[in-house]
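Note sheet for the following structure.
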Amino acid sequence: SGQPLPVDCRISTAADGGPTLHWVVCRDLSAQIESEKLLYNLSNFDQLTGLTNRQEFSERATDAMRLTKRLEQQMALALISIDHLKVINETLTTEIGDNLLREFSVRLSQGVRETDLIGRLSGNQFALALTNIDSVQTVEQVMTKLRKKLCQPMVINDQEVFVTASAGLSLYPGDALSVEDLIKKANSARYYVRAHGGNKHQFYAPEMDEDIKNRLEMINGLHNALVRNELQLSYQP
């Protein structure tokens with residue numbers, strides 16, 4: 001076919017008093033290389049969207065953080081999720097939900113800069129590492145532009161779907177010094193946004209942790225009250 005072929009060659013030599021003989025044995029490595037590529041892809045990329053998975057994203061974001069430190073800049077980490085995805089899956093089928101996630105990931109990729117990193121950490125949790133940040137205003141500009149793009153109507157399986165997105169952000173080095181801690185802080189901010197109606201982005205603030213803790217305690221308290229039959233319904237005319 002005229003195409004280069006990856007091979008493993010072994011050369012042997014023999015000289016038993018007569019002419020020196022050389023022979024070469026070559027083994028085609030094409031199948032092995034393809035298997036290694038497939039294994040790498042399965043290990044490091046999300047199979048639904050093609051984005052990096054949590055492990056690969058964390059490694060790349062850690063490298064970006066080291067460069068950010070050397071350049072004395074900032075890095076922002078954003079966690080983004082589609083609002084009410086569960087309702088979409090239950091109403092319009094999971095096939096449409098999966099196609100929605102694919103289109104959402106494409107818009108994410110198109111809406112950020114070439115230097116930024118994108119990953120899918122879990123089912124409805126996407127991560128962005130915004131690098132080369134000189135101010136919070138730069139992050140605001142990127143996120144405002146991105147959310148505007150994400151919220152435009154999508155046509156999925158010939159059906160128009162309107163979605164909104166919630167995002168939480170944390171900053172390096174101001175909020176945390178590791179990628180995992182940045183993810184935790186950004187997730188707290190995302191949870192706070194969703195608990196207050198969604199459809200916006202917000203930076204992490206320490207008081208969010210207390211707000212989330214109080215909400216979880218309230219949820220647990222209501223659950224226990226239901227189990228113990230401690231709730232009463234009163235009519236106020």
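As shown in the structure tokens, the chain order sets the letters A, B, ...; within each chain, residues go from 1, and ligands are also counted from 1 in the order they appear.
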| query | Tell me, which residues of chain A carry DSSP strand (DSSP E), written as number ranges by chain? | reply | A: 7-14, 21-28, 74-82, 117-122, 125-133, 154-156, 159-161, 165-172, 201-203
| field | Near-A:Gly197 list (12 Å; only C-alpha atoms; drop same-chain fewer than 3 positions) as a ChimeraX atom specification | value | /A:83-84,164-167,190-194,200-201
Write a file of the just-selected residues containing C-alpha atoms, as a tab-separated table (two decimals), in the first residue's frame.
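out14.tsv, freshly written:
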```tsv
chain	number	residue	atom	x	y	z
A	83	ASP	CA	-29.64	21.90	35.17
A	84	HIS	CA	-32.47	19.34	35.48
A	164	THR	CA	-29.40	25.99	31.41
A	165	ALA	CA	-26.16	25.34	33.26
A	166	SER	CA	-24.79	25.93	36.74
A	167	ALA	CA	-21.11	26.47	37.45
A	190	ARG	CA	-21.65	24.69	42.09
A	191	TYR	CA	-23.80	23.03	44.75
A	192	TYR	CA	-24.54	26.46	46.22
A	193	VAL	CA	-25.60	27.77	42.79
A	194	ARG	CA	-27.92	24.80	42.16
A	200	LYS	CA	-25.58	31.07	36.82
A	201	HIS	CA	-21.92	30.82	37.87
```
| message | Taking 4 positions as the minimum chain separation for residues in the same chain, which residues sit within 7 Å of A:Leu150 when counting only C-alpha atoms? Answer as a list in words. | response | Phe104, Arg107 and Leu146 of chain A
Could you take the residues named above and write them with N, CA and C atoms, as an mmCIF file, in the first residue's frame?
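Dumped everything to selection06.cif:
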```
data_model
loop_
_atom_site.group_PDB
_atom_site.id
_atom_site.type_symbol
_atom_site.label_atom_id
_atom_site.label_comp_id
_atom_site.auth_asym_id
_atom_site.auth_seq_id
_atom_site.Cartn_x
_atom_site.Cartn_y
_atom_site.Cartn_z
ATOM 1 N N PHE A 104 -23.422 19.118 24.457
ATOM 2 C CA PHE A 104 -22.977 20.030 25.504
ATOM 3 C C PHE A 104 -21.452 20.065 25.565
ATOM 4 N N ARG A 107 -20.025 22.078 22.667
ATOM 5 C CA ARG A 107 -20.147 23.523 22.905
ATOM 6 C C ARG A 107 -19.148 24.002 23.951
ATOM 7 N N LEU A 146 -19.206 31.725 27.727
ATOM 8 C CA LEU A 146 -19.415 30.276 27.637
ATOM 9 C C LEU A 146 -20.860 29.915 27.989
#
```
| task | Would you list the contacts of stretch 70-82 of chain A as a PyMOL selection string, taking every protein, DNA or RNA residue within 8 Å and counting only C-alpha atoms, but skipping same-chain residues closer than 6 positions in sequence? | result | chain A and resi 124-135+139+163-173+182-183+186-187+190
| task | Would you mind reading off the distance between atom CA of A:Gln152 and atom CA of A:His196, one decimal, in Å? | result |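 So the two atoms, atom CA of A:Gln152 and atom CA of A:His196, lie 21.7 Å apart.
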| query | Which residue gives the smallest distance to A:Gly97 among A:Ser178, A:Ser30, A:Gln159, A:Thr144, with only C-alpha atoms counted? | reply | A:Gln159
| request: Tell me which of A:Lys185, A:Ser122, A:Asp8, A:Val161 sits closest to A:Thr91, counting only C-alpha atoms. | output: A:Val161
| Neighbour list for stretch 41-47 of chain A as a list in words, cut-off 8 Å, only C-alpha atoms, skip fewer than 5 positions in-chain |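 Skipping anything fewer than 5 positions along the chain leaves Thr52, Asn53, Gln55, Glu56 and Arg120 of chain A.
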